[in-house]
>>> print(open('start13.pdb').read())   # PDB, C-alpha atoms
ATOM      1  CA  MET A   1     -29.230 -13.271   0.112  1.00  0.00           C
ATOM      2  CA  PRO A   2     -28.202 -14.453   3.577  1.00  0.00           C
ATOM      3  CA  GLU A   3     -28.021 -12.046   6.471  1.00  0.00           C
ATOM      4  CA  PRO A   4     -24.372 -11.358   7.292  1.00  0.00           C
ATOM      5  CA  SER A   5     -22.839 -11.661  10.706  1.00  0.00           C
ATOM      6  CA  ALA A   6     -21.906  -8.434  12.532  1.00  0.00           C
ATOM      7  CA  GLU A   7     -18.861  -7.943  10.331  1.00  0.00           C
ATOM      8  CA  GLU A   8     -17.696  -9.828   7.282  1.00  0.00           C
ATOM      9  CA  THR A   9     -14.800  -9.152   4.956  1.00  0.00           C
ATOM     10  CA  LEU A  10     -15.800  -9.657   1.327  1.00  0.00           C
ATOM     11  CA  LEU A  11     -13.860 -10.057  -1.896  1.00  0.00           C
ATOM     12  CA  ALA A  12     -15.637  -9.534  -5.194  1.00  0.00           C
ATOM     13  CA  PHE A  13     -14.686 -10.736  -8.638  1.00  0.00           C
ATOM     14  CA  ASP A  14     -15.598  -9.377 -12.058  1.00  0.00           C
ATOM     15  CA  PHE A  15     -14.726 -12.575 -13.909  1.00  0.00           C
ATOM     16  CA  GLY A  16     -13.383 -12.638 -17.436  1.00  0.00           C
ATOM     17  CA  LEU A  17     -11.289 -15.154 -19.330  1.00  0.00           C
ATOM     18  CA  LYS A  18      -8.403 -12.697 -19.827  1.00  0.00           C
ATOM     19  CA  LYS A  19      -8.837 -10.402 -16.816  1.00  0.00           C
ATOM     20  CA  ILE A  20     -10.469 -10.641 -13.411  1.00  0.00           C
ATOM     21  CA  GLY A  21     -11.296  -7.493 -11.514  1.00  0.00           C
ATOM     22  CA  VAL A  22     -11.026  -7.775  -7.739  1.00  0.00           C
ATOM     23  CA  ALA A  23     -12.535  -5.554  -5.049  1.00  0.00           C
ATOM     24  CA  ILE A  24     -12.687  -5.659  -1.265  1.00  0.00           C
ATOM     25  CA  GLY A  25     -15.220  -4.441   1.247  1.00  0.00           C
ATOM     26  CA  ASN A  26     -16.888  -5.303   4.512  1.00  0.00           C
ATOM     27  CA  THR A  27     -20.348  -5.372   5.993  1.00  0.00           C
ATOM     28  CA  LEU A  28     -19.495  -3.005   8.841  1.00  0.00           C
ATOM     29  CA  THR A  29     -18.653   0.029   6.705  1.00  0.00           C
ATOM     30  CA  ARG A  30     -20.743  -1.221   3.753  1.00  0.00           C
ATOM     31  CA  GLN A  31     -18.146   0.226   1.413  1.00  0.00           C
ATOM     32  CA  ALA A  32     -16.393  -1.463  -1.492  1.00  0.00           C
ATOM     33  CA  ARG A  33     -13.164  -0.401  -3.153  1.00  0.00           C
ATOM     34  CA  PRO A  34     -11.210  -1.641  -6.172  1.00  0.00           C
ATOM     35  CA  LEU A  35      -8.234  -3.818  -5.289  1.00  0.00           C
ATOM     36  CA  GLU A  36      -6.510  -5.053  -8.438  1.00  0.00           C
ATOM     37  CA  VAL A  37      -6.848  -6.687 -11.843  1.00  0.00           C
ATOM     38  CA  LEU A  38      -5.588 -10.240 -12.248  1.00  0.00           C
ATOM     39  CA  ARG A  39      -4.266 -11.265 -15.650  1.00  0.00           C
ATOM     40  CA  PRO A  40      -3.723 -14.999 -15.411  1.00  0.00           C
ATOM     41  CA  VAL A  41      -2.640 -16.815 -18.534  1.00  0.00           C
ATOM     42  CA  THR A  42      -3.556 -20.288 -17.336  1.00  0.00           C
ATOM     43  CA  ARG A  43      -6.225 -21.715 -15.054  1.00  0.00           C
ATOM     44  CA  GLU A  44      -3.495 -22.699 -12.595  1.00  0.00           C
ATOM     45  CA  GLN A  45      -2.190 -19.105 -12.473  1.00  0.00           C
ATOM     46  CA  ARG A  46      -5.754 -17.870 -11.931  1.00  0.00           C
ATOM     47  CA  PHE A  47      -6.259 -19.981  -8.846  1.00  0.00           C
ATOM     48  CA  GLN A  48      -2.758 -19.319  -7.498  1.00  0.00           C
ATOM     49  CA  ALA A  49      -3.422 -15.578  -7.644  1.00  0.00           C
ATOM     50  CA  ILE A  50      -6.837 -16.014  -6.025  1.00  0.00           C
ATOM     51  CA  ALA A  51      -5.378 -18.230  -3.285  1.00  0.00           C
ATOM     52  CA  GLN A  52      -2.859 -15.488  -2.485  1.00  0.00           C
ATOM     53  CA  LEU A  53      -5.642 -12.899  -2.248  1.00  0.00           C
ATOM     54  CA  LEU A  54      -7.698 -15.162  -0.003  1.00  0.00           C
ATOM     55  CA  GLU A  55      -4.715 -15.743   2.263  1.00  0.00           C
ATOM     56  CA  GLN A  56      -3.889 -12.037   2.391  1.00  0.00           C
ATOM     57  CA  TRP A  57      -7.410 -10.712   3.024  1.00  0.00           C
ATOM     58  CA  GLY A  58      -9.149 -13.677   4.715  1.00  0.00           C
ATOM     59  CA  PRO A  59     -12.644 -12.987   3.372  1.00  0.00           C
ATOM     60  CA  ASP A  60     -15.691 -14.541   5.000  1.00  0.00           C
ATOM     61  CA  ARG A  61     -17.439 -14.790   1.645  1.00  0.00           C
ATOM     62  CA  VAL A  62     -16.932 -13.821  -1.972  1.00  0.00           C
ATOM     63  CA  VAL A  63     -19.179 -12.107  -4.476  1.00  0.00           C
ATOM     64  CA  VAL A  64     -19.056 -12.884  -8.193  1.00  0.00           C
ATOM     65  CA  GLY A  65     -20.658 -10.711 -10.850  1.00  0.00           C
ATOM     66  CA  LEU A  66     -23.241 -12.545 -12.945  1.00  0.00           C
ATOM     67  CA  PRO A  67     -23.527 -11.206 -16.503  1.00  0.00           C
ATOM     68  CA  LEU A  68     -27.119 -11.220 -17.697  1.00  0.00           C
ATOM     69  CA  THR A  69     -28.689  -9.939 -20.893  1.00  0.00           C
ATOM     70  CA  THR A  70     -30.377  -6.532 -20.824  1.00  0.00           C
ATOM     71  CA  ASP A  71     -33.708  -8.255 -20.154  1.00  0.00           C
ATOM     72  CA  GLY A  72     -32.262 -10.279 -17.252  1.00  0.00           C
ATOM     73  CA  GLN A  73     -31.770 -13.613 -19.001  1.00  0.00           C
ATOM     74  CA  GLU A  74     -28.811 -15.956 -18.689  1.00  0.00           C
ATOM     75  CA  GLN A  75     -26.244 -16.015 -21.489  1.00  0.00           C
ATOM     76  CA  TYR A  76     -23.091 -17.984 -22.294  1.00  0.00           C
ATOM     77  CA  ALA A  77     -20.959 -15.736 -20.067  1.00  0.00           C
ATOM     78  CA  SER A  78     -23.409 -16.405 -17.210  1.00  0.00           C
ATOM     79  CA  LEU A  79     -22.549 -20.103 -17.339  1.00  0.00           C
ATOM     80  CA  ARG A  80     -18.816 -19.349 -17.186  1.00  0.00           C
ATOM     81  CA  CYS A  81     -19.302 -17.109 -14.142  1.00  0.00           C
ATOM     82  CA  ARG A  82     -21.473 -19.705 -12.404  1.00  0.00           C
ATOM     83  CA  ARG A  83     -18.751 -22.271 -13.030  1.00  0.00           C
ATOM     84  CA  PHE A  84     -16.120 -19.893 -11.630  1.00  0.00           C
ATOM     85  CA  ALA A  85     -18.295 -19.285  -8.544  1.00  0.00           C
ATOM     86  CA  ASN A  86     -18.715 -23.043  -8.043  1.00  0.00           C
ATOM     87  CA  GLN A  87     -14.952 -23.539  -8.353  1.00  0.00           C
ATOM     88  CA  LEU A  88     -14.315 -20.868  -5.707  1.00  0.00           C
ATOM     89  CA  HIS A  89     -16.749 -22.553  -3.357  1.00  0.00           C
ATOM     90  CA  GLY A  90     -15.388 -26.033  -4.038  1.00  0.00           C
ATOM     91  CA  ARG A  91     -11.693 -25.143  -3.785  1.00  0.00           C
ATOM     92  CA  TYR A  92     -11.809 -22.791  -0.815  1.00  0.00           C
ATOM     93  CA  GLY A  93     -15.022 -23.690   1.024  1.00  0.00           C
ATOM     94  CA  LEU A  94     -16.211 -20.071   1.039  1.00  0.00           C
ATOM     95  CA  ALA A  95     -19.773 -18.897   0.678  1.00  0.00           C
ATOM     96  CA  VAL A  96     -20.211 -17.382  -2.775  1.00  0.00           C
ATOM     97  CA  GLU A  97     -22.903 -14.902  -3.762  1.00  0.00           C
ATOM     98  CA  LEU A  98     -23.807 -14.102  -7.359  1.00  0.00           C
ATOM     99  CA  VAL A  99     -24.806 -10.498  -8.098  1.00  0.00           C
ATOM    100  CA  ASP A 100     -26.296  -9.109 -11.295  1.00  0.00           C
ATOM    101  CA  GLU A 101     -23.486  -7.146 -12.930  1.00  0.00           C
ATOM    102  CA  ARG A 102     -25.478  -5.519 -15.725  1.00  0.00           C
ATOM    103  CA  GLY A 103     -24.115  -2.081 -16.529  1.00  0.00           C
ATOM    104  CA  THR A 104     -21.130  -2.183 -14.176  1.00  0.00           C
ATOM    105  CA  SER A 105     -18.530  -2.022 -16.945  1.00  0.00           C
ATOM    106  CA  VAL A 106     -20.180   1.048 -18.458  1.00  0.00           C
ATOM    107  CA  GLU A 107     -20.448   2.616 -14.980  1.00  0.00           C
ATOM    108  CA  ALA A 108     -16.779   1.817 -14.301  1.00  0.00           C
ATOM    109  CA  GLN A 109     -15.752   3.422 -17.583  1.00  0.00           C
ATOM    110  CA  ALA A 110     -17.721   6.540 -16.631  1.00  0.00           C
ATOM    111  CA  VAL A 111     -16.019   6.660 -13.218  1.00  0.00           C
ATOM    112  CA  LEU A 112     -12.567   6.288 -14.761  1.00  0.00           C
ATOM    113  CA  GLY A 113     -13.210   8.320 -17.899  1.00  0.00           C
ATOM    114  CA  THR A 114     -11.732   5.460 -19.952  1.00  0.00           C
ATOM    115  CA  ASN A 115     -12.342   1.788 -20.670  1.00  0.00           C
ATOM    116  CA  GLU A 116      -8.836   0.642 -19.800  1.00  0.00           C
ATOM    117  CA  ASP A 117      -8.447  -1.484 -16.656  1.00  0.00           C
ATOM    118  CA  ASP A 118     -12.004  -0.884 -15.524  1.00  0.00           C
ATOM    119  CA  ASP A 119     -12.331  -4.441 -14.166  1.00  0.00           C
ATOM    120  CA  ALA A 120     -11.399  -3.694 -10.542  1.00  0.00           C
ATOM    121  CA  VAL A 121     -13.756  -0.706 -10.480  1.00  0.00           C
ATOM    122  CA  ALA A 122     -16.494  -2.912 -11.978  1.00  0.00           C
ATOM    123  CA  ALA A 123     -15.820  -5.480  -9.219  1.00  0.00           C
ATOM    124  CA  ALA A 124     -16.188  -2.701  -6.628  1.00  0.00           C
ATOM    125  CA  LEU A 125     -19.506  -1.665  -8.172  1.00  0.00           C
ATOM    126  CA  ILE A 126     -20.703  -5.288  -8.074  1.00  0.00           C
ATOM    127  CA  LEU A 127     -19.698  -5.572  -4.427  1.00  0.00           C
ATOM    128  CA  GLN A 128     -21.341  -2.243  -3.604  1.00  0.00           C
ATOM    129  CA  ARG A 129     -24.609  -3.543  -5.086  1.00  0.00           C
ATOM    130  CA  TYR A 130     -24.377  -6.548  -2.782  1.00  0.00           C
ATOM    131  CA  LEU A 131     -23.636  -4.372   0.258  1.00  0.00           C
ATOM    132  CA  ASP A 132     -26.431  -1.925  -0.599  1.00  0.00           C
ATOM    133  CA  ALA A 133     -28.921  -4.815  -0.794  1.00  0.00           C
ATOM    134  CA  LEU A 134     -28.092  -6.160   2.683  1.00  0.00           C
ATOM    135  CA  PRO A 135     -30.782  -5.653   5.285  1.00  0.00           C
ATOM    136  CA  THR A 136     -30.043  -2.950   7.809  1.00  0.00           C
ATOM    137  CA  GLN A 137     -29.166  -4.320  11.213  1.00  0.00           C
ATOM    138  CA  ARG A 138     -31.396  -3.078  13.974  1.00  0.00           C
ATOM    139  CA  SER A 139     -30.195  -2.602  17.504  1.00  0.00           C
ATOM    140  CA  VAL A 140     -32.139  -4.323  20.257  1.00  0.00           C
TER     141      VAL A 140
END
>>> encode(input="start13.pdb", output="structure tokens")
Amino acid sequence: MPEPSAEETLLAFDFGLKKIGVAIGNTLTRQARPLEVLRPVTREQRFQAIAQLLEQWGPDRVVVGLPLTTDGQEQYASLRCRRFANQLHGRYGLAVELVDERGTSVEAQAVLGTNEDDDAVAAALILQRYLDALPTQRSV
């Protein structure tokens, strides 16, 4: 995981074929919050919605949740998320970080008390994991 500059704005995605949870955060406050759930029908709609978010928020990098099996192995969904991450990097030239998303949907459901529209909360949990793993900056 690269060391961030003094302050970076980050967008995170909990990628799914039908829904994509989106969260925002930054390295200064080290806090993530849910933003919205995208429901694109086509691939074109997906990337139009993402382009609008990138224009609106101007992130320095993006974080994508990587679904792994309970024992930490790759699965079919992992390949789809890696492809999505590669597309984000290729289309928009942004640095993309993959973060283990195991358990975030269950955590999001517990936070909300329901399993409906938990994708943005799951994206915030993924982003918070990334922020929590950043090294602490020391003053000179």
>>> atom_distance(input="start13.pdb", atom1="atom CA of A:Ile20", atom2="atom CA of A:Ala133")
23.1 Å
>>> closest_residue(input="start13.pdb", among="A:Leu17, A:Leu68, A:Ala51, A:Leu131", to="A:Arg39", atoms="all atoms listed in the file")
A:Leu17
>>> resolve_selection(input="start13.pdb", expression="the PyMOL selection byres ((chain A and resi 52-60) around 8)", output="PDB file with C-alpha atoms, keeping the file's coordinate frame")
ATOM      1  CA  GLU A   8     -17.696  -9.828   7.282  1.00  0.00           C
ATOM      2  CA  THR A   9     -14.800  -9.152   4.956  1.00  0.00           C
ATOM      3  CA  LEU A  10     -15.800  -9.657   1.327  1.00  0.00           C
ATOM      4  CA  LEU A  11     -13.860 -10.057  -1.896  1.00  0.00           C
ATOM      5  CA  GLN A  48      -2.758 -19.319  -7.498  1.00  0.00           C
ATOM      6  CA  ALA A  49      -3.422 -15.578  -7.644  1.00  0.00           C
ATOM      7  CA  ILE A  50      -6.837 -16.014  -6.025  1.00  0.00           C
ATOM      8  CA  ALA A  51      -5.378 -18.230  -3.285  1.00  0.00           C
ATOM      9  CA  ARG A  61     -17.439 -14.790   1.645  1.00  0.00           C
ATOM     10  CA  VAL A  62     -16.932 -13.821  -1.972  1.00  0.00           C
ATOM     11  CA  LEU A  94     -16.211 -20.071   1.039  1.00  0.00           C
ATOM     12  CA  ALA A  95     -19.773 -18.897   0.678  1.00  0.00           C
TER      13      ALA A  95
END
>>> atom_distance(input="start13.pdb", atom1="atom CA of A:Arg46", atom2="atom CA of A:Glu7")
27.7 Å
>>> atom_distance(input="start13.pdb", atom1="atom CA of A:Phe15", atom2="atom CA of A:Thr136")
28.3 Å
>>> resolve_selection(input="start13.pdb", expression="the PyMOL selection byres ((chain A and resi 32) around 10)", output="count of residues only")
24
>>> residues_near_point(input="start13.pdb", point="(-9.8, -13.5, -16.6)", cutoff="12 Å", atoms="all atoms listed in the file", output="list in words")
Phe13, Asp14, Phe15, Gly16, Leu17, Lys18, Lys19, Ile20, Gly21, Val22, Val37, Leu38, Arg39, Pro40, Val41, Thr42, Arg43, Glu44, Gln45, Arg46, Phe47, Ala49, Ile50, Ala77, Arg80, Cys81, Phe84, Asp119 and Ala120 of chain A
>>> axis_aligned_box(input="start13.pdb", around="stretch 71-83 of chain A", padding_each_side="5 Å", output="lines of an AutoDock Vina configuration file")
center_x = -26.2
center_y = -15.3
center_z = -17.3
size_x = 25.0
size_y = 24.0
size_z = 19.9
>>> closest_residue(input="start13.pdb", among="A:Gly90, A:Asp118, A:Leu28, A:Glu101", to="A:Gly72", atoms="all atoms listed in the file")
A:Glu101
